file coords38.cif (mmCIF, C-alpha atoms)
data_upload
loop_
_atom_site.label_atom_id
_atom_site.label_comp_id
_atom_site.auth_asym_id
_atom_site.auth_seq_id
_atom_site.Cartn_x
_atom_site.Cartn_y
_atom_site.Cartn_z
CA MET B 1 -43.90 -41.83 27.81
CA THR B 2 -44.11 -38.38 26.17
CA ALA B 3 -44.04 -38.28 22.37
CA ILE B 4 -41.72 -35.77 20.68
CA ASP B 5 -43.17 -33.84 17.76
CA PRO B 6 -40.90 -34.37 14.68
CA GLN B 7 -41.85 -30.91 13.48
CA THR B 8 -40.35 -29.42 16.66
CA ILE B 9 -37.05 -31.21 16.01
CA THR B 10 -37.02 -29.99 12.40
CA ASP B 11 -37.65 -26.37 13.47
CA ALA B 12 -34.90 -26.58 16.10
CA ASP B 13 -32.43 -27.94 13.56
CA ARG B 14 -33.37 -25.21 11.12
CA GLU B 15 -32.84 -22.50 13.72
CA ALA B 16 -29.50 -24.00 14.73
CA ARG B 17 -28.33 -24.04 11.08
CA ARG B 18 -29.54 -20.46 10.68
CA ALA B 19 -27.63 -19.38 13.79
CA ARG B 20 -24.46 -21.06 12.54
CA LEU B 21 -24.87 -19.37 9.15
CA PHE B 22 -25.18 -15.90 10.67
CA THR B 23 -22.20 -16.61 12.93
CA ARG B 24 -20.11 -17.36 9.83
CA ILE B 25 -21.40 -14.24 8.09
CA ASN B 26 -20.51 -12.06 11.09
CA LYS B 27 -17.02 -13.55 11.24
CA ALA B 28 -16.54 -12.97 7.52
CA ASP B 29 -17.77 -9.38 7.92
CA ALA B 30 -14.59 -8.46 9.81
CA TRP B 31 -12.52 -9.39 6.75
CA PHE B 32 -14.97 -7.75 4.36
CA GLN B 33 -14.43 -4.54 6.36
CA VAL B 34 -10.66 -4.94 6.03
CA LEU B 35 -10.86 -5.50 2.27
CA GLY B 36 -13.27 -2.62 1.69
CA LEU B 37 -16.05 -5.03 0.71
CA ALA B 38 -18.47 -4.32 3.56
CA TRP B 39 -21.41 -4.31 1.11
CA ILE B 40 -21.13 -8.11 0.75
CA THR B 41 -22.37 -8.67 4.32
CA PRO B 42 -25.89 -7.21 3.87
CA ILE B 43 -26.24 -9.12 0.58
CA LEU B 44 -25.44 -12.38 2.35
CA LYS B 45 -27.76 -11.54 5.24
CA ALA B 46 -30.59 -10.61 2.88
CA ALA B 47 -30.09 -13.88 0.97
CA ALA B 48 -30.28 -15.72 4.30
CA GLY B 49 -33.58 -14.01 5.13
CA ASP B 50 -32.41 -11.62 7.86
CA ASN B 51 -34.76 -8.58 7.67
CA PRO B 52 -34.48 -8.01 3.88
CA ARG B 53 -35.82 -4.44 4.10
CA ALA B 54 -33.12 -3.34 6.58
CA GLN B 55 -30.45 -5.15 4.57
CA MET B 56 -31.57 -3.43 1.36
CA LYS B 57 -31.02 -0.07 3.07
CA GLU B 58 -27.47 -1.16 3.93
CA ILE B 59 -26.88 -2.38 0.36
CA TRP B 60 -28.11 0.97 -0.94
CA ARG B 61 -25.79 2.88 1.42
CA LEU B 62 -22.69 0.70 1.05
CA LEU B 63 -22.90 -0.30 -2.63
CA CYS B 64 -25.42 1.65 -4.66
CA VAL B 65 -24.55 5.15 -3.41
CA PRO B 66 -20.78 4.74 -4.10
CA LEU B 67 -21.53 3.29 -7.56
CA ILE B 68 -23.85 6.20 -8.36
CA ALA B 69 -21.17 8.65 -7.21
CA ILE B 70 -18.54 6.96 -9.41
CA VAL B 71 -20.87 6.96 -12.44
CA ALA B 72 -21.74 10.64 -11.84
CA PHE B 73 -18.03 11.47 -11.63
CA LEU B 74 -17.31 9.63 -14.89
CA VAL B 75 -20.21 11.35 -16.67
CA MET B 76 -19.10 14.78 -15.43
CA TRP B 77 -15.48 14.01 -16.39
CA GLY B 78 -16.49 12.83 -19.87
CA THR B 79 -18.70 15.90 -20.38
CA LEU B 80 -16.31 18.59 -19.14
CA ALA B 81 -12.97 17.16 -20.32
CA PRO B 82 -13.41 18.00 -24.05
CA THR B 83 -14.13 21.63 -23.16
CA VAL B 84 -10.69 22.13 -21.59
CA GLN B 85 -8.05 22.70 -24.26
CA THR B 86 -4.31 22.45 -23.53
CA SER B 87 -1.15 22.70 -25.62
CA LEU B 88 -1.48 18.96 -26.25
CA GLY B 89 -5.16 19.10 -27.15
CA ALA B 90 -8.30 18.51 -25.09
CA VAL B 91 -8.13 16.87 -21.67
CA PRO B 92 -8.73 13.13 -22.23
CA GLY B 93 -12.02 11.65 -21.10
CA PRO B 94 -12.63 8.24 -19.52
CA GLN B 95 -12.72 6.45 -22.89
CA GLN B 96 -9.33 7.81 -24.01
CA VAL B 97 -7.80 7.00 -20.63
CA TRP B 98 -9.13 3.45 -20.81
CA THR B 99 -7.71 3.09 -24.34
CA GLU B 100 -4.27 4.15 -23.12
CA ALA B 101 -4.51 1.78 -20.16
CA VAL B 102 -5.14 -1.07 -22.59
CA ASN B 103 -2.23 0.12 -24.76
CA LEU B 104 0.10 0.18 -21.73
CA HIS B 105 -0.99 -3.35 -20.84
CA GLN B 106 -0.31 -4.57 -24.38
CA ASP B 107 3.04 -2.77 -24.44
CA ALA B 108 3.98 -4.43 -21.13
CA GLN B 109 3.13 -7.83 -22.59
CA ALA B 110 5.24 -7.13 -25.68
CA LYS B 111 8.21 -6.03 -23.56
CA ALA B 112 7.85 -9.14 -21.38
CA GLU B 113 8.01 -11.31 -24.51
CA LYS B 114 11.13 -9.46 -25.71
CA ARG B 115 12.76 -9.97 -22.31
CA GLU B 116 11.95 -13.69 -22.37
CA LYS B 117 13.38 -14.05 -25.88
CA HIS B 118 16.53 -12.17 -24.86
CA GLU B 119 17.02 -14.35 -21.78
CA ALA B 120 16.46 -17.48 -23.87
CA ARG B 121 19.10 -16.34 -26.40
CA VAL B 122 21.59 -15.53 -23.64
CA GLU B 123 21.00 -18.91 -22.00
CA ALA B 124 21.43 -20.72 -25.35
CA ARG B 125 24.65 -18.76 -26.05
CA ASN B 126 26.11 -19.58 -22.64
CA GLN B 127 25.15 -23.23 -22.99
CA ARG B 128 27.00 -23.43 -26.32
CA PHE B 129 30.20 -22.14 -24.71
CA ILE B 130 29.80 -24.58 -21.82
CA ASP B 131 29.34 -27.46 -24.27
CA ARG B 132 32.52 -26.38 -26.12
CA GLY B 133 34.49 -26.30 -22.88
CA GLN B 134 34.83 -22.49 -22.86
CA PRO B 135 33.20 -21.47 -19.56
CA GLU B 136 35.30 -18.28 -19.45
CA LYS B 137 33.17 -16.87 -22.30
CA VAL B 138 29.92 -17.30 -20.37
CA LYS B 139 28.40 -13.88 -19.68
CA ASP B 140 25.28 -12.56 -18.02
CA ILE B 141 24.06 -10.07 -20.61
CA PRO B 142 21.29 -7.92 -19.08
CA PHE B 143 18.22 -6.88 -21.02
CA THR B 144 18.63 -3.22 -22.01
CA GLY B 145 15.07 -2.50 -23.10
CA ALA B 146 12.95 0.16 -21.41
CA PRO B 147 11.01 -1.06 -18.35
CA SER B 148 7.34 -1.83 -18.85
CA TYR B 149 4.56 0.00 -17.03
CA TYR B 150 4.13 -2.91 -14.61
CA GLN B 151 7.87 -2.96 -13.87
CA GLN B 152 7.70 0.75 -13.06
CA ILE B 153 4.80 0.11 -10.70
CA TRP B 154 6.77 -2.66 -8.98
CA THR B 155 9.83 -0.40 -8.66
CA SER B 156 7.71 2.26 -6.95
CA ILE B 157 6.19 -0.28 -4.53
CA GLN B 158 9.64 -1.65 -3.66
CA THR B 159 10.98 1.86 -3.12
CA VAL B 160 8.16 3.00 -0.86
CA PHE B 161 8.32 -0.15 1.28
CA PHE B 162 12.10 0.15 1.62
CA GLY B 163 11.80 3.76 2.79
CA PHE B 164 8.81 2.91 4.99
CA LEU B 165 10.68 0.08 6.73
CA ILE B 166 13.66 2.32 7.45
CA ALA B 167 11.28 4.98 8.82
CA THR B 168 9.56 2.39 11.02
CA VAL B 169 12.86 1.11 12.43
CA ILE B 170 13.82 4.68 13.35
CA ALA B 171 10.45 6.05 14.46
CA VAL B 172 9.12 3.27 16.71
CA PRO B 173 12.12 3.13 19.13
CA LEU B 174 12.31 6.92 19.26
CA GLY B 175 8.56 7.10 19.89
CA ILE B 176 8.82 4.57 22.73
CA MET B 177 11.65 6.61 24.28
CA ALA B 178 9.65 9.84 23.99
CA GLY B 179 6.55 8.20 25.46
CA LEU B 180 8.35 6.64 28.42
CA SER B 181 10.65 9.51 29.31
CA PRO B 182 9.58 13.17 29.62
CA THR B 183 13.25 14.12 29.22
CA ALA B 184 13.54 12.22 25.92
CA ASN B 185 10.25 13.77 24.80
CA SER B 186 11.60 17.24 25.52
CA ALA B 187 14.67 16.46 23.43
CA ILE B 188 12.84 14.88 20.48
CA ASN B 189 9.80 17.16 20.26
CA PRO B 190 11.65 20.27 18.91
CA LEU B 191 13.21 18.17 16.15
CA ILE B 192 9.77 16.85 15.19
CA GLN B 193 8.31 20.35 15.04
CA ILE B 194 11.19 21.63 12.90
CA PHE B 195 11.59 18.80 10.40
CA LYS B 196 8.02 17.48 10.07
CA PRO B 197 6.82 20.33 7.77
CA VAL B 198 9.85 20.11 5.44
CA SER B 199 8.86 19.33 1.85
CA PRO B 200 10.40 16.35 0.02
CA LEU B 201 11.56 18.82 -2.64
CA ALA B 202 13.77 20.43 0.01
CA TRP B 203 15.16 17.10 1.24
CA LEU B 204 15.88 15.75 -2.24
CA PRO B 205 18.97 17.87 -3.12
CA ILE B 206 20.54 17.14 0.27
CA VAL B 207 19.85 13.41 0.00
CA THR B 208 21.15 13.35 -3.57
CA MET B 209 24.45 14.95 -2.57
CA VAL B 210 24.90 12.71 0.48
CA VAL B 211 24.14 9.52 -1.46
CA SER B 212 26.45 10.59 -4.27
CA ALA B 213 29.24 11.26 -1.77
CA VAL B 214 28.77 8.00 0.17
CA ALA B 215 28.15 5.80 -2.88
CA ALA B 216 30.79 7.27 -5.16
CA THR B 217 30.49 4.50 -7.74
CA GLU B 218 27.54 2.79 -9.39
CA GLY B 219 26.98 -0.94 -9.16
CA GLY B 220 26.25 -1.31 -5.45
CA LEU B 221 23.48 -3.36 -3.91
CA PHE B 222 20.97 -0.61 -4.75
CA PRO B 223 21.09 1.98 -7.56
CA LYS B 224 21.72 5.56 -6.47
CA SER B 225 18.35 6.75 -7.79
CA PHE B 226 16.60 4.07 -5.73
CA LEU B 227 18.45 5.10 -2.56
CA VAL B 228 17.73 8.79 -3.12
CA SER B 229 14.00 8.13 -3.53
CA ALA B 230 13.80 5.68 -0.61
CA ILE B 231 15.71 7.90 1.84
CA THR B 232 13.57 10.90 0.88
CA VAL B 233 10.49 8.79 1.61
CA THR B 234 12.03 7.87 4.98
CA LEU B 235 12.72 11.48 5.98
CA CYS B 236 9.17 12.57 5.15
CA SER B 237 7.20 9.57 6.40
CA LEU B 238 8.71 8.76 9.80
CA TRP B 239 7.00 11.62 11.69
CA PRO B 240 3.40 10.25 11.89
CA THR B 241 4.69 6.94 13.27
CA LEU B 242 6.99 8.69 15.76
CA ILE B 243 4.24 11.01 17.02
CA ASN B 244 1.58 8.31 17.31
CA THR B 245 3.97 5.87 18.98
CA ALA B 246 4.93 8.48 21.58
CA LEU B 247 1.26 9.32 22.15
CA GLY B 248 0.29 5.66 22.45
CA VAL B 249 3.06 4.88 24.92
CA ALA B 250 2.33 7.99 27.00
CA SER B 251 -1.38 7.07 27.12
CA ILE B 252 -0.87 3.67 28.76
CA ASP B 253 -3.13 3.07 31.76
CA LYS B 254 -1.33 4.27 34.90
CA ASP B 255 -2.55 1.20 36.79
CA LEU B 256 -0.62 -1.01 34.36
CA VAL B 257 2.50 1.07 34.92
CA ALA B 258 2.03 0.67 38.67
CA VAL B 259 1.69 -3.10 38.26
CA SER B 260 4.95 -3.21 36.29
CA LYS B 261 6.69 -1.43 39.17
CA VAL B 262 5.21 -3.84 41.72
CA LEU B 263 6.37 -6.80 39.65
CA LYS B 264 9.79 -5.14 39.22
CA MET B 265 9.81 -5.68 35.46
CA ASN B 266 13.04 -4.84 33.69
CA THR B 267 12.94 -2.36 30.79
CA TYR B 268 12.85 -5.01 28.04
CA THR B 269 10.01 -6.96 29.65
CA LYS B 270 8.08 -3.76 30.35
CA ILE B 271 8.32 -2.68 26.71
CA THR B 272 7.50 -6.07 25.15
CA LYS B 273 4.82 -7.23 27.59
CA LEU B 274 3.19 -3.95 28.58
CA VAL B 275 4.09 -0.95 26.41
CA LEU B 276 3.85 -2.38 22.90
CA PRO B 277 0.58 -4.35 23.36
CA SER B 278 -1.10 -1.29 24.89
CA ALA B 279 0.23 1.18 22.31
CA LEU B 280 -0.21 -0.99 19.18
CA PRO B 281 -3.49 0.60 17.99
CA LEU B 282 -1.97 4.08 17.87
CA ILE B 283 1.31 2.74 16.49
CA PHE B 284 -0.54 1.13 13.60
CA THR B 285 -2.47 4.34 13.02
CA GLY B 286 0.88 6.10 12.69
CA LEU B 287 2.18 3.38 10.36
CA ARG B 288 -0.82 3.72 8.08
CA LEU B 289 -0.39 7.50 7.98
CA SER B 290 3.33 7.13 7.33
CA LEU B 291 2.79 4.71 4.45
CA GLY B 292 0.27 7.08 2.88
CA VAL B 293 2.64 10.03 3.23
CA GLY B 294 5.51 7.96 1.86
CA TRP B 295 3.50 6.96 -1.20
CA MET B 296 2.65 10.60 -1.93
CA VAL B 297 6.23 11.73 -1.40
CA LEU B 298 7.61 8.92 -3.58
CA ILE B 299 6.11 10.21 -6.82
CA ALA B 300 7.77 13.63 -6.46
CA ALA B 301 11.04 12.01 -5.39
CA GLU B 302 11.07 9.66 -8.39
CA MET B 303 10.39 12.54 -10.76
CA LEU B 304 13.49 14.43 -9.67
CA ALA B 305 15.75 11.48 -8.80
CA GLN B 306 14.84 9.74 -12.08
CA ASN B 307 14.25 6.46 -10.28
CA PRO B 308 12.50 4.27 -12.89
CA GLY B 309 9.12 4.15 -11.19
CA LEU B 310 5.72 5.78 -11.60
CA GLY B 311 7.08 9.24 -10.85
CA LYS B 312 9.60 8.98 -13.69
CA PHE B 313 6.86 7.62 -15.94
CA VAL B 314 4.74 10.72 -15.28
CA TRP B 315 7.72 13.04 -15.81
CA ASP B 316 8.77 11.32 -19.05
CA GLU B 317 5.25 11.55 -20.46
CA PHE B 318 5.07 15.22 -19.48
CA GLN B 319 8.36 15.86 -21.28
CA ASN B 320 7.33 13.71 -24.23
CA GLY B 321 4.44 15.97 -25.15
CA SER B 322 2.73 13.53 -27.53
CA SER B 323 -1.00 13.48 -28.17
CA SER B 324 -1.40 10.48 -25.83
CA SER B 325 0.76 11.84 -23.00
CA LEU B 326 -2.10 13.40 -21.04
CA ALA B 327 -4.11 10.19 -21.16
CA LYS B 328 -1.10 8.17 -20.00
CA ILE B 329 -0.54 10.60 -17.13
CA MET B 330 -4.19 10.18 -16.16
CA VAL B 331 -3.69 6.40 -16.18
CA ALA B 332 -0.73 6.87 -13.84
CA VAL B 333 -2.77 9.16 -11.56
CA LEU B 334 -5.53 6.55 -11.25
CA THR B 335 -2.92 3.82 -10.72
CA ILE B 336 -1.30 5.83 -7.93
CA GLY B 337 -4.67 6.31 -6.23
CA ILE B 338 -5.67 2.65 -6.48
CA ILE B 339 -2.31 1.42 -5.19
CA GLY B 340 -2.47 3.92 -2.32
CA PHE B 341 -5.87 2.49 -1.36
CA LEU B 342 -4.54 -1.09 -1.57
CA LEU B 343 -1.50 -0.24 0.56
CA ASP B 344 -3.78 1.18 3.25
CA ARG B 345 -5.92 -1.98 3.11
CA VAL B 346 -2.80 -4.11 3.55
CA MET B 347 -1.79 -2.14 6.63
CA TYR B 348 -5.35 -2.32 7.95
CA ALA B 349 -5.33 -6.11 7.50
CA ILE B 350 -2.04 -6.39 9.40
CA GLN B 351 -3.44 -4.13 12.12
CA SER B 352 -6.51 -6.38 12.39
CA LEU B 353 -4.25 -9.38 13.00
CA PHE B 354 -2.31 -7.76 15.84
CA THR B 355 -4.84 -5.50 17.56
CA PHE B 356 -8.31 -6.09 18.92
CA THR B 357 -9.64 -2.54 19.22
CA SER B 358 -12.32 -1.00 17.02
CA ASN B 359 -10.53 2.37 17.01
CA ARG B 360 -8.79 2.24 13.65
#
call {"tool": "encode", "arguments": {"input": "coords38.cif", "output": "structure tokens"}}
result
Amino acid sequence: MTAIDPQTITDADREARRARLFTRINKADAWFQVLGLAWITPILKAAAGDNPRAQMKEIWRLLCVPLIAIVAFLVMWGTLAPTVQTSLGAVPGPQQVWTEAVNLHQDAQAKAEKREKHEARVEARNQRFIDRGQPEKVKDIPFTGAPSYYQQIWTSIQTVFFGFLIATVIAVPLGIMAGLSPTANSAINPLIQIFKPVSPLAWLPIVTMVVSAVAATEGGLFPKSFLVSAITVTLCSLWPTLINTALGVASIDKDLVAVSKVLKMNTYTKITKLVLPSALPLIFTGLRLSLGVGWMVLIAAEMLAQNPGLGKFVWDEFQNGSSSSLAKIMVAVLTIGIIGFLLDRVMYAIQSLFTFTSNR
């Protein structure tokens, strides 16, 4: 009978645990990539003992270099900003911008407390009338205070997603038609070339007049300013999705098209089982581009339509002209950039769930 060395069993178990650990790290890396946290993977691998020198190079490239670039930018900003004088004083540096960000946060908290107190008073008032048997005097009295900074951010996010969804509903079917039919492509392509370069500032007066004519009275499901901003976003953001959808559908493998003919698939089955799965990577690329364009367009649209979002916040601070206005505008600029990055990450995460290609 052959004896088994216990040390061999221990080494095998250790290697098996190590393999399972690296398998988990590699699976997690896909989500770190989606979230923009790719630098976590080499840290985990280095901690697990996987070629520390090579992992340190990756940590340097993915984490240290971006941090150094951000610090260098902040130092350059803080050094040069005081040298630029405007009608409202010197351009604010990072410290002043951070101070205003804290002030906006505190102001939002104060406004939230006022809203809660108002709603509590209204509820107590209505309850008194109900207890007295006077339900006809019950009223829903809305809070009339100015929206907080966070409420303006939420309004902008709602507006851009509303316009983006409308653009998607329009662009994807048209893109599928253009990709499947050369005749439809010939009809749609001139319209794309004409309207794609049009600025949102040109669309805005037309949209404003149309919305005002269709929605003659206030008090509908959506405010007029919201509809004007959202429709302007739609008109400017649908083109990347339309173009990429048409390109993705037209690029389907010809062998797959031949198989669909052999199987005598009807149009619906062909689109759902063949066209969409094959074209999804490019469709999602178009969706990500459209969402980015929509977010950029939204700020200009909100400025002119006076929709109470980030664009109106920037415009109001510009008109206000106080000593803190420039710093508040800089806070809004950074907020717009960070939210734009997060929106792209959200779309990238959704794309990762539905597609399996590395071309993103």
call {"tool": "residues_around", "arguments": {"input": "coords38.cif", "residues": "range 331-339 of chain B", "least_positions_apart": "5", "cutoff": "7 Å", "atoms": "all atoms listed in the file", "output": "list in words"}}
result
Val97, Ala101, Leu310 and Val314 of chain B
call {"tool": "atom_distance", "arguments": {"input": "coords38.cif", "atom1": "CA of Ala108 in chain B", "atom2": "CA of Tyr149 in chain B"}}
result
6.1 Å
call {"tool": "residues_around", "arguments": {"input": "coords38.cif", "residues": "Lys312 in chain B", "least_positions_apart": "2", "cutoff": "9 Å", "atoms": "all atoms listed in the file", "output": "list in words"}}
result
Gln152, Ile299, Ala300, Ala301, Glu302, Met303, Leu304, Ala305, Gln306, Asn307, Pro308, Gly309, Leu310, Val314, Trp315, Asp316 and Glu317 of chain B
call {"tool": "resolve_selection", "arguments": {"input": "coords38.cif", "expression": "the PyMOL selection byres ((chain B and resi 72-89) around 12)", "output": "PDB file with C-alpha atoms, keeping the file's coordinate frame"}}
result
ATOM      1  CA  VAL B  65     -24.550   5.150  -3.410  1.00  0.00           C
ATOM      2  CA  PRO B  66     -20.780   4.740  -4.100  1.00  0.00           C
ATOM      3  CA  LEU B  67     -21.530   3.290  -7.560  1.00  0.00           C
ATOM      4  CA  ILE B  68     -23.850   6.200  -8.360  1.00  0.00           C
ATOM      5  CA  ALA B  69     -21.170   8.650  -7.210  1.00  0.00           C
ATOM      6  CA  ILE B  70     -18.540   6.960  -9.410  1.00  0.00           C
ATOM      7  CA  VAL B  71     -20.870   6.960 -12.440  1.00  0.00           C
ATOM      8  CA  ALA B  90      -8.300  18.510 -25.090  1.00  0.00           C
ATOM      9  CA  VAL B  91      -8.130  16.870 -21.670  1.00  0.00           C
ATOM     10  CA  PRO B  92      -8.730  13.130 -22.230  1.00  0.00           C
ATOM     11  CA  GLY B  93     -12.020  11.650 -21.100  1.00  0.00           C
ATOM     12  CA  PRO B  94     -12.630   8.240 -19.520  1.00  0.00           C
ATOM     13  CA  GLN B  95     -12.720   6.450 -22.890  1.00  0.00           C
ATOM     14  CA  GLN B  96      -9.330   7.810 -24.010  1.00  0.00           C
ATOM     15  CA  VAL B  97      -7.800   7.000 -20.630  1.00  0.00           C
ATOM     16  CA  TRP B  98      -9.130   3.450 -20.810  1.00  0.00           C
ATOM     17  CA  GLU B 317       5.250  11.550 -20.460  1.00  0.00           C
ATOM     18  CA  PHE B 318       5.070  15.220 -19.480  1.00  0.00           C
ATOM     19  CA  GLN B 319       8.360  15.860 -21.280  1.00  0.00           C
ATOM     20  CA  ASN B 320       7.330  13.710 -24.230  1.00  0.00           C
ATOM     21  CA  GLY B 321       4.440  15.970 -25.150  1.00  0.00           C
ATOM     22  CA  SER B 322       2.730  13.530 -27.530  1.00  0.00           C
ATOM     23  CA  SER B 323      -1.000  13.480 -28.170  1.00  0.00           C
ATOM     24  CA  SER B 324      -1.400  10.480 -25.830  1.00  0.00           C
ATOM     25  CA  SER B 325       0.760  11.840 -23.000  1.00  0.00           C
ATOM     26  CA  LEU B 326      -2.100  13.400 -21.040  1.00  0.00           C
ATOM     27  CA  ALA B 327      -4.110  10.190 -21.160  1.00  0.00           C
ATOM     28  CA  MET B 330      -4.190  10.180 -16.160  1.00  0.00           C
TER      29      MET B 330
END
call {"tool": "resolve_selection", "arguments": {"input": "coords38.cif", "expression": "the PyMOL selection byres ((chain B and resi 184-192) around 10)", "output": "PyMOL selection string"}}
result
chain B and resi 174-183+193-197+238-240+242-243+246
call {"tool": "closest_residue", "arguments": {"input": "coords38.cif", "among": "B:Gln351, B:Ser237, B:Asn51, B:Thr232", "to": "Ala171 in chain B", "atoms": "only C-alpha atoms"}}
result
B:Ser237
call {"tool": "closest_residue", "arguments": {"input": "coords38.cif", "among": "B:Asp13, B:Arg61, B:Leu37, B:Ile25", "to": "Arg345 in chain B", "atoms": "all atoms listed in the file"}}
result
B:Leu37
call {"tool": "residues_around", "arguments": {"input": "coords38.cif", "residues": "Ser290 in chain B", "least_positions_apart": "4", "cutoff": "10 Å", "atoms": "all atoms listed in the file", "output": "ChimeraX atom specification"}}
result
/B:164,167-168,233-234,236-242,284-286,294-296
call {"tool": "write_last_selection", "arguments": {"input": "coords38.cif", "atoms": "C-alpha atoms", "output": "PDB file, in the coordinates of the input"}}
result
ATOM      1  CA  PHE B 164       8.810   2.910   4.990  1.00  0.00           C
ATOM      2  CA  ALA B 167      11.280   4.980   8.820  1.00  0.00           C
ATOM      3  CA  THR B 168       9.560   2.390  11.020  1.00  0.00           C
ATOM      4  CA  VAL B 233      10.490   8.790   1.610  1.00  0.00           C
ATOM      5  CA  THR B 234      12.030   7.870   4.980  1.00  0.00           C
ATOM      6  CA  CYS B 236       9.170  12.570   5.150  1.00  0.00           C
ATOM      7  CA  SER B 237       7.200   9.570   6.400  1.00  0.00           C
ATOM      8  CA  LEU B 238       8.710   8.760   9.800  1.00  0.00           C
ATOM      9  CA  TRP B 239       7.000  11.620  11.690  1.00  0.00           C
ATOM     10  CA  PRO B 240       3.400  10.250  11.890  1.00  0.00           C
ATOM     11  CA  THR B 241       4.690   6.940  13.270  1.00  0.00           C
ATOM     12  CA  LEU B 242       6.990   8.690  15.760  1.00  0.00           C
ATOM     13  CA  PHE B 284      -0.540   1.130  13.600  1.00  0.00           C
ATOM     14  CA  THR B 285      -2.470   4.340  13.020  1.00  0.00           C
ATOM     15  CA  GLY B 286       0.880   6.100  12.690  1.00  0.00           C
ATOM     16  CA  GLY B 294       5.510   7.960   1.860  1.00  0.00           C
ATOM     17  CA  TRP B 295       3.500   6.960  -1.200  1.00  0.00           C
ATOM     18  CA  MET B 296       2.650  10.600  -1.930  1.00  0.00           C
TER      19      MET B 296
END
call {"tool": "decode", "arguments": {"input": "coords38.cif", "residues": "range 269-281 of chain B", "atoms": "N, CA, C and O atoms", "output": "compact mmCIF listing (two decimals), in the first residue's frame"}}
result
# COMPACT_ATOMS: atom_id res chain seq x y z
N THR B 269 -40.00 37.55 -36.07
CA THR B 269 -39.03 36.57 -35.55
C THR B 269 -37.62 36.91 -36.00
O THR B 269 -36.66 36.79 -35.23
N LYS B 270 -37.49 37.35 -37.25
CA LYS B 270 -36.17 37.71 -37.78
C LYS B 270 -35.57 38.86 -36.98
O LYS B 270 -34.38 38.84 -36.64
N ILE B 271 -36.40 39.86 -36.65
CA ILE B 271 -35.89 41.02 -35.91
C ILE B 271 -35.53 40.65 -34.48
O ILE B 271 -34.46 41.02 -33.98
N THR B 272 -36.41 39.91 -33.79
CA THR B 272 -36.20 39.61 -32.37
C THR B 272 -35.16 38.52 -32.14
O THR B 272 -34.44 38.56 -31.13
N LYS B 273 -35.08 37.55 -33.03
CA LYS B 273 -34.17 36.42 -32.81
C LYS B 273 -32.83 36.57 -33.53
O LYS B 273 -31.85 35.91 -33.14
N LEU B 274 -32.78 37.41 -34.55
CA LEU B 274 -31.57 37.50 -35.36
C LEU B 274 -30.99 38.91 -35.38
O LEU B 274 -29.83 39.13 -35.03
N VAL B 275 -31.82 39.89 -35.74
CA VAL B 275 -31.32 41.24 -35.97
C VAL B 275 -30.87 41.90 -34.66
O VAL B 275 -29.72 42.36 -34.54
N LEU B 276 -31.77 41.95 -33.68
CA LEU B 276 -31.43 42.65 -32.43
C LEU B 276 -30.25 42.02 -31.69
O LEU B 276 -29.33 42.75 -31.28
N PRO B 277 -30.21 40.70 -31.48
CA PRO B 277 -29.04 40.14 -30.79
C PRO B 277 -27.72 40.44 -31.50
O PRO B 277 -26.70 40.68 -30.85
N SER B 278 -27.72 40.43 -32.83
CA SER B 278 -26.49 40.68 -33.57
C SER B 278 -26.10 42.15 -33.55
O SER B 278 -24.90 42.48 -33.55
N ALA B 279 -27.09 43.04 -33.53
CA ALA B 279 -26.81 44.47 -33.62
C ALA B 279 -26.70 45.16 -32.26
O ALA B 279 -26.37 46.35 -32.21
N LEU B 280 -26.96 44.44 -31.16
CA LEU B 280 -27.00 45.07 -29.84
C LEU B 280 -25.72 45.83 -29.47
O LEU B 280 -25.82 46.93 -28.90
N PRO B 281 -24.53 45.30 -29.74
CA PRO B 281 -23.33 46.08 -29.36
C PRO B 281 -23.30 47.47 -29.96
O PRO B 281 -23.05 48.46 -29.26
